[in-house]
Structures are given as C-alpha cells and as structure tokens.
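Dumped model10.pdb below, it's PDB, C-alpha atoms:
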ATOM      1  CA  MET A   1     -23.368 165.995  93.165
ATOM      2  CA  LYS A   2     -25.376 162.826  92.728
ATOM      3  CA  LYS A   3     -23.865 159.469  91.825
ATOM      4  CA  VAL A   4     -26.292 157.696  89.490
ATOM      5  CA  SER A   5     -24.183 154.656  88.616
ATOM      6  CA  SER A   6     -20.624 153.456  89.090
ATOM      7  CA  ASN A   7     -19.507 155.509  86.088
ATOM      8  CA  PHE A   8     -21.995 158.402  85.930
ATOM      9  CA  SER A   9     -22.847 161.376  88.128
ATOM     10  CA  ILE A  10     -24.711 164.671  87.753
ATOM     11  CA  SER A  11     -24.852 168.117  89.295
ATOM     12  CA  GLY A  12     -25.684 171.728  88.786
ATOM     13  CA  PRO A  13     -22.892 174.133  87.722
ATOM     14  CA  ILE A  14     -19.350 173.137  88.593
ATOM     15  CA  ASP A  15     -16.535 175.268  90.003
ATOM     16  CA  ASP A  16     -12.837 174.652  90.671
ATOM     17  CA  GLU A  17     -13.568 172.893  93.965
ATOM     18  CA  ALA A  18     -16.038 170.555  92.251
ATOM     19  CA  LEU A  19     -13.521 169.884  89.473
ATOM     20  CA  GLU A  20     -10.909 168.861  92.038
ATOM     21  CA  ALA A  21     -13.414 166.528  93.709
ATOM     22  CA  LEU A  22     -14.459 165.022  90.370
ATOM     23  CA  LYS A  23     -10.833 164.477  89.384
ATOM     24  CA  ALA A  24     -10.182 162.769  92.735
ATOM     25  CA  GLN A  25     -13.180 160.489  92.092
ATOM     26  CA  GLY A  26     -11.653 159.401  88.792
ATOM     27  CA  VAL A  27     -13.961 161.320  86.460
ATOM     28  CA  THR A  28     -12.416 161.341  82.992
ATOM     29  CA  LYS A  29     -15.087 163.235  81.053
ATOM     30  CA  ILE A  30     -17.410 166.130  81.811
ATOM     31  CA  VAL A  31     -20.467 166.768  79.651
ATOM     32  CA  ASN A  32     -22.026 170.223  79.824
ATOM     33  CA  VAL A  33     -25.643 170.203  78.625
ATOM     34  CA  ARG A  34     -26.323 173.875  79.404
ATOM     35  CA  LEU A  35     -26.982 176.451  76.754
ATOM     36  CA  ASP A  36     -24.580 179.373  76.874
ATOM     37  CA  ASP A  37     -26.112 182.539  78.374
ATOM     38  CA  GLU A  38     -28.887 180.757  80.292
ATOM     39  CA  GLU A  39     -28.412 183.174  83.143
ATOM     40  CA  PRO A  40     -26.368 186.313  83.860
ATOM     41  CA  GLY A  41     -22.766 185.703  84.889
ATOM     42  CA  GLN A  42     -22.708 182.099  83.712
ATOM     43  CA  GLU A  43     -19.360 180.886  82.388
ATOM     44  CA  ASN A  44     -19.691 180.058  78.698
ATOM     45  CA  SER A  45     -18.715 176.719  77.225
ATOM     46  CA  GLU A  46     -15.398 177.975  75.895
ATOM     47  CA  GLN A  47     -14.342 179.214  79.350
ATOM     48  CA  LEU A  48     -15.490 175.965  80.952
ATOM     49  CA  ALA A  49     -13.628 173.864  78.393
ATOM     50  CA  ILE A  50     -10.363 175.600  79.284
ATOM     51  CA  LYS A  51     -10.987 175.197  83.007
ATOM     52  CA  VAL A  52     -11.990 171.514  82.783
ATOM     53  CA  ARG A  53      -9.124 170.573  80.466
ATOM     54  CA  SER A  54      -6.645 172.308  82.787
ATOM     55  CA  HIS A  55      -7.620 169.624  85.338
ATOM     56  CA  GLY A  56      -6.801 166.876  82.820
ATOM     57  CA  ILE A  57     -10.444 165.996  82.188
ATOM     58  CA  GLU A  58     -12.066 165.701  78.765
ATOM     59  CA  TYR A  59     -14.801 168.287  78.097
ATOM     60  CA  VAL A  60     -17.842 167.900  75.841
ATOM     61  CA  HIS A  61     -20.603 170.450  75.240
ATOM     62  CA  ILE A  62     -24.056 169.245  74.145
ATOM     63  CA  PRO A  63     -26.304 172.294  74.611
ATOM     64  CA  VAL A  64     -29.913 171.255  75.205
ATOM     65  CA  LYS A  65     -32.974 173.309  76.058
ATOM     66  CA  ALA A  66     -34.853 171.983  79.092
ATOM     67  CA  ASN A  67     -37.549 169.427  78.230
ATOM     68  CA  SER A  68     -36.684 169.610  74.544
ATOM     69  CA  TYR A  69     -34.754 166.407  73.856
ATOM     70  CA  SER A  70     -34.244 165.513  70.203
ATOM     71  CA  GLN A  71     -33.066 162.110  68.990
ATOM     72  CA  LYS A  72     -29.864 163.892  67.906
ATOM     73  CA  ASP A  73     -29.294 165.187  71.468
ATOM     74  CA  ILE A  74     -29.984 161.760  72.966
ATOM     75  CA  ALA A  75     -27.647 160.041  70.491
ATOM     76  CA  ALA A  76     -24.870 162.580  71.127
ATOM     77  CA  PHE A  77     -25.217 162.039  74.875
ATOM     78  CA  PHE A  78     -25.288 158.251  74.489
ATOM     79  CA  LYS A  79     -22.060 158.439  72.474
ATOM     80  CA  GLN A  80     -20.353 160.109  75.439
ATOM     81  CA  LEU A  81     -21.520 157.340  77.769
ATOM     82  CA  ALA A  82     -20.538 154.486  75.453
ATOM     83  CA  THR A  83     -16.812 155.102  75.369
ATOM     84  CA  GLY A  84     -15.394 152.264  77.422
ATOM     85  CA  ASP A  85     -14.185 152.830  80.952
ATOM     86  CA  ASP A  86     -14.802 156.586  81.163
ATOM     87  CA  LYS A  87     -16.319 157.931  84.351
ATOM     88  CA  VAL A  88     -18.649 160.655  83.133
ATOM     89  CA  HIS A  89     -20.053 163.624  85.007
ATOM     90  CA  ALA A  90     -22.795 165.677  83.362
ATOM     91  CA  PHE A  91     -24.136 169.005  84.515
ATOM     92  CA  CYS A  92     -26.601 171.745  83.731
ATOM     93  CA  ARG A  93     -28.296 174.462  85.790
ATOM     94  CA  THR A  94     -29.998 172.007  88.186
ATOM     95  CA  GLY A  95     -28.918 168.521  87.056
ATOM     96  CA  ASN A  96     -32.346 167.735  85.594
ATOM     97  CA  ARG A  97     -31.367 167.843  81.914
ATOM     98  CA  ALA A  98     -28.310 165.730  82.701
ATOM     99  CA  ILE A  99     -30.351 162.970  84.362
ATOM    100  CA  HIS A 100     -33.065 163.184  81.717
ATOM    101  CA  LEU A 101     -30.531 162.683  78.935
ATOM    102  CA  TRP A 102     -28.895 159.806  80.835
ATOM    103  CA  ALA A 103     -32.276 158.110  81.290
ATOM    104  CA  LEU A 104     -33.278 158.630  77.655
ATOM    105  CA  ALA A 105     -29.906 157.488  76.300
ATOM    106  CA  ASN A 106     -29.973 154.377  78.465
ATOM    107  CA  SER A 107     -33.565 153.581  77.464
ATOM    108  CA  HIS A 108     -32.147 152.193  74.229
ATOM    109  CA  SER A 109     -30.051 149.551  75.991
ATOM    110  CA  GLU A 110     -31.317 149.154  79.581
ATOM    111  CA  THR A 111     -34.661 148.222  81.077
ATOM    112  CA  LEU A 112     -36.958 150.926  82.376
ATOM    113  CA  LYS A 113     -36.861 149.236  85.778
ATOM    114  CA  TYR A 114     -33.054 149.538  85.947
ATOM    115  CA  ILE A 115     -33.176 153.220  84.984
ATOM    116  CA  GLU A 116     -35.947 153.962  87.484
ATOM    117  CA  ASN A 117     -34.077 152.123  90.258
ATOM    118  CA  GLN A 118     -30.835 154.007  89.604
ATOM    119  CA  CYS A 119     -32.659 157.325  89.568
ATOM    120  CA  GLU A 120     -34.605 156.505  92.720
ATOM    121  CA  LYS A 121     -31.407 155.505  94.561
ATOM    122  CA  SER A 122     -29.776 158.795  93.600
ATOM    123  CA  ASN A 123     -32.906 160.841  94.359
ATOM    124  CA  CYS A 124     -33.335 161.987  90.748
ATOM    125  CA  ASN A 125     -36.696 162.752  89.192
ATOM    126  CA  ILE A 126     -37.284 161.495  85.651
ATOM    127  CA  SER A 127     -41.080 161.747  85.611
ATOM    128  CA  SER A 128     -41.110 164.402  82.876
ATOM    129  CA  VAL A 129     -39.359 162.038  80.414
ATOM    130  CA  LYS A 130     -41.057 158.807  81.453
ATOM    131  CA  GLU A 131     -43.499 158.869  78.533
ATOM    132  CA  LEU A 132     -40.650 159.290  76.047
ATOM    133  CA  MET A 133     -38.761 156.441  77.756
ATOM    134  CA  GLN A 134     -41.853 154.237  77.412
ATOM    135  CA  ASP A 135     -42.032 155.120  73.699
ATOM    136  CA  ILE A 136     -38.423 153.985  73.311
ATOM    137  CA  GLU A 137     -39.237 150.780  75.223
ATOM    138  CA  ARG A 138     -42.187 150.038  72.907
ATOM    139  CA  GLU A 139     -39.956 150.683  69.888
ATOM    140  CA  LYS A 140     -37.396 148.189  71.246
ATOM    141  CA  VAL A 141     -40.118 145.560  71.692
ATOM    142  CA  TRP A 142     -41.492 146.196  68.196
ATOM    143  CA  LEU A 143     -38.036 146.006  66.625
ATOM    144  CA  GLY A 144     -37.224 142.819  68.510
ATOM    145  CA  ALA A 145     -40.404 141.187  67.279
ATOM    146  CA  ASN A 146     -39.865 142.306  63.695
ATOM    147  CA  ILE A 147     -36.204 141.534  63.059
TER     148      ILE A 147
END
Turn this file's structure into structure tokens for me.
Amino acid sequence: MKKVSSNFSISGPIDDEALEALKAQGVTKIVNVRLDDEEPGQENSEQLAIKVRSHGIEYVHIPVKANSYSQKDIAAFFKQLATGDDKVHAFCRTGNRAIHLWALANSHSETLKYIENQCEKSNCNISSVKELMQDIEREKVWLGANI
C-alpha cells in the first residue's frame, strides 16, 4: 500500500488482512477501479462489495480499462474524493490506474507541481498521464482567462 496524501492511498488487490489494516488506518471508502474478470480467479466486484462492507467500509466500483481514462471516469473518481472527511483507498491490479485517476481528478483543482510531488513522495509513476494532466492545466488557464 502507498499513502499518496493524508486522505488517499492506493494498492493492488486487497484481501481480508489489507481490509483490517485499512480499517485500522481510518479508511472510510474503498474504490475499486478494476474491470471484473481481468484475470483468472479474481474476486468480482459484487463479492468484493460484500467483503468490504462487512468491515464497515463504503465500497464503490468504477471499472476502468488501463490507460483509457474518459472524462466520465475521471469525474466519477473525483466525486469519490470530494466527499468531505473520507479517507479513500483505491485499488486495481497494480495500483497504476488508481494513481492515474487520482492525478487526473486532482488536475482540475490542484497544481501539477503538487500532484507530481505527492506522487514522487509515494513512489508512484504518473508519466503515462502527464500529457493529459497538462491538457487539463491548459484548459484551467484558458478558462480562468476567459471568465
């Protein structure tokens, strides 16, 4: 597990031991960004929802294909982050989609430097979405100049 900020962390697949650790850390919401049936033997979202909720943690499923991030996916992820004092943990097969979505969602409200610093501190690679983040940054600048 990698702590990205005071209220957000990521990982690969989670099991009961990880759920106990996340609960102990105060995590209140888990976001699964894996597609069902990505690999043989993978628990599906319905099974995971039951398991996560049995630990008293909210469960959200936003299935996203790797390196295929739509504005709808980014907005859905942002909505899960923007819910007050929740401590959110997101996971996928490796953690990459989770950090990519966090970086893209935060590109709308944070500086690129902040996002890059947080990812660097947590040893997360966001290079494959950097161009999209820069597009969002340019859009913010354009909107700010034209409002």
From A:His89, A:Lys140, A:His108, A:Lys130, residue lying nearest Gln71 of chain A [all atoms listed in the file]: A:His108
Evaluate the PyMOL selection byres ((chain A and resi 81) around 10) and report residues as number ranges by chain: A: 7-8, 29, 31, 75-80, 82-89, 102, 105-106
Prev. selection, C-alpha atoms, output as a compact mmCIF listing (two decimals), in the frame of the given file:
# COMPACT_ATOMS: atom_id res chain seq x y z
CA ASN A 7 -19.51 155.51 86.09
CA PHE A 8 -22.00 158.40 85.93
CA LYS A 29 -15.09 163.24 81.05
CA VAL A 31 -20.47 166.77 79.65
CA ALA A 75 -27.65 160.04 70.49
CA ALA A 76 -24.87 162.58 71.13
CA PHE A 77 -25.22 162.04 74.88
CA PHE A 78 -25.29 158.25 74.49
CA LYS A 79 -22.06 158.44 72.47
CA GLN A 80 -20.35 160.11 75.44
CA ALA A 82 -20.54 154.49 75.45
CA THR A 83 -16.81 155.10 75.37
CA GLY A 84 -15.39 152.26 77.42
CA ASP A 85 -14.18 152.83 80.95
CA ASP A 86 -14.80 156.59 81.16
CA LYS A 87 -16.32 157.93 84.35
CA VAL A 88 -18.65 160.66 83.13
CA HIS A 89 -20.05 163.62 85.01
CA TRP A 102 -28.90 159.81 80.83
CA ALA A 105 -29.91 157.49 76.30
CA ASN A 106 -29.97 154.38 78.46
Result set, the PyMOL selection byres ((chain A and resi 15-23) around 8) on current file, as number ranges by chain: A: 13-14, 24-28, 51-52, 55, 57, 89
Pull out every residue that the PyMOL selection byres ((chain A and resi 9) around 9) matches in the shown coordinates and put them as a CSV table (one decimal) with C-alpha atoms, in the frame of the given file.
chain,number,residue,atom,x,y,z
A,1,MET,CA,-23.4,166.0,93.2
A,2,LYS,CA,-25.4,162.8,92.7
A,3,LYS,CA,-23.9,159.5,91.8
A,4,VAL,CA,-26.3,157.7,89.5
A,5,SER,CA,-24.2,154.7,88.6
A,6,SER,CA,-20.6,153.5,89.1
A,7,ASN,CA,-19.5,155.5,86.1
A,8,PHE,CA,-22.0,158.4,85.9
A,10,ILE,CA,-24.7,164.7,87.8
A,11,SER,CA,-24.9,168.1,89.3
A,87,LYS,CA,-16.3,157.9,84.4
A,88,VAL,CA,-18.6,160.7,83.1
A,89,HIS,CA,-20.1,163.6,85.0
A,90,ALA,CA,-22.8,165.7,83.4
A,91,PHE,CA,-24.1,169.0,84.5
A,98,ALA,CA,-28.3,165.7,82.7
A,99,ILE,CA,-30.4,163.0,84.4
Point (-18.8, 175.7, 75.2) neighbourhood (9 Å, only C-alpha atoms) written as a PyMOL selection string: chain A and resi 32+34-36+43-49+59-63
Expected file: the selected residues, C-alpha atoms, as a CSV table (one decimal), in the frame of the given file:
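The resulting again22.csv:
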chain,number,residue,atom,x,y,z
A,32,ASN,CA,-22.0,170.2,79.8
A,34,ARG,CA,-26.3,173.9,79.4
A,35,LEU,CA,-27.0,176.5,76.8
A,36,ASP,CA,-24.6,179.4,76.9
A,43,GLU,CA,-19.4,180.9,82.4
A,44,ASN,CA,-19.7,180.1,78.7
A,45,SER,CA,-18.7,176.7,77.2
A,46,GLU,CA,-15.4,178.0,75.9
A,47,GLN,CA,-14.3,179.2,79.4
A,48,LEU,CA,-15.5,176.0,81.0
A,49,ALA,CA,-13.6,173.9,78.4
A,59,TYR,CA,-14.8,168.3,78.1
A,60,VAL,CA,-17.8,167.9,75.8
A,61,HIS,CA,-20.6,170.4,75.2
A,62,ILE,CA,-24.1,169.2,74.1
A,63,PRO,CA,-26.3,172.3,74.6
Gap from atom CA of Ala103 of chain A to atom CA of Ile74 of chain A - Å, one decimal: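 So the two atoms, atom CA of Ala103 of chain A and atom CA of Ile74 of chain A, lie 9.4 Å apart.
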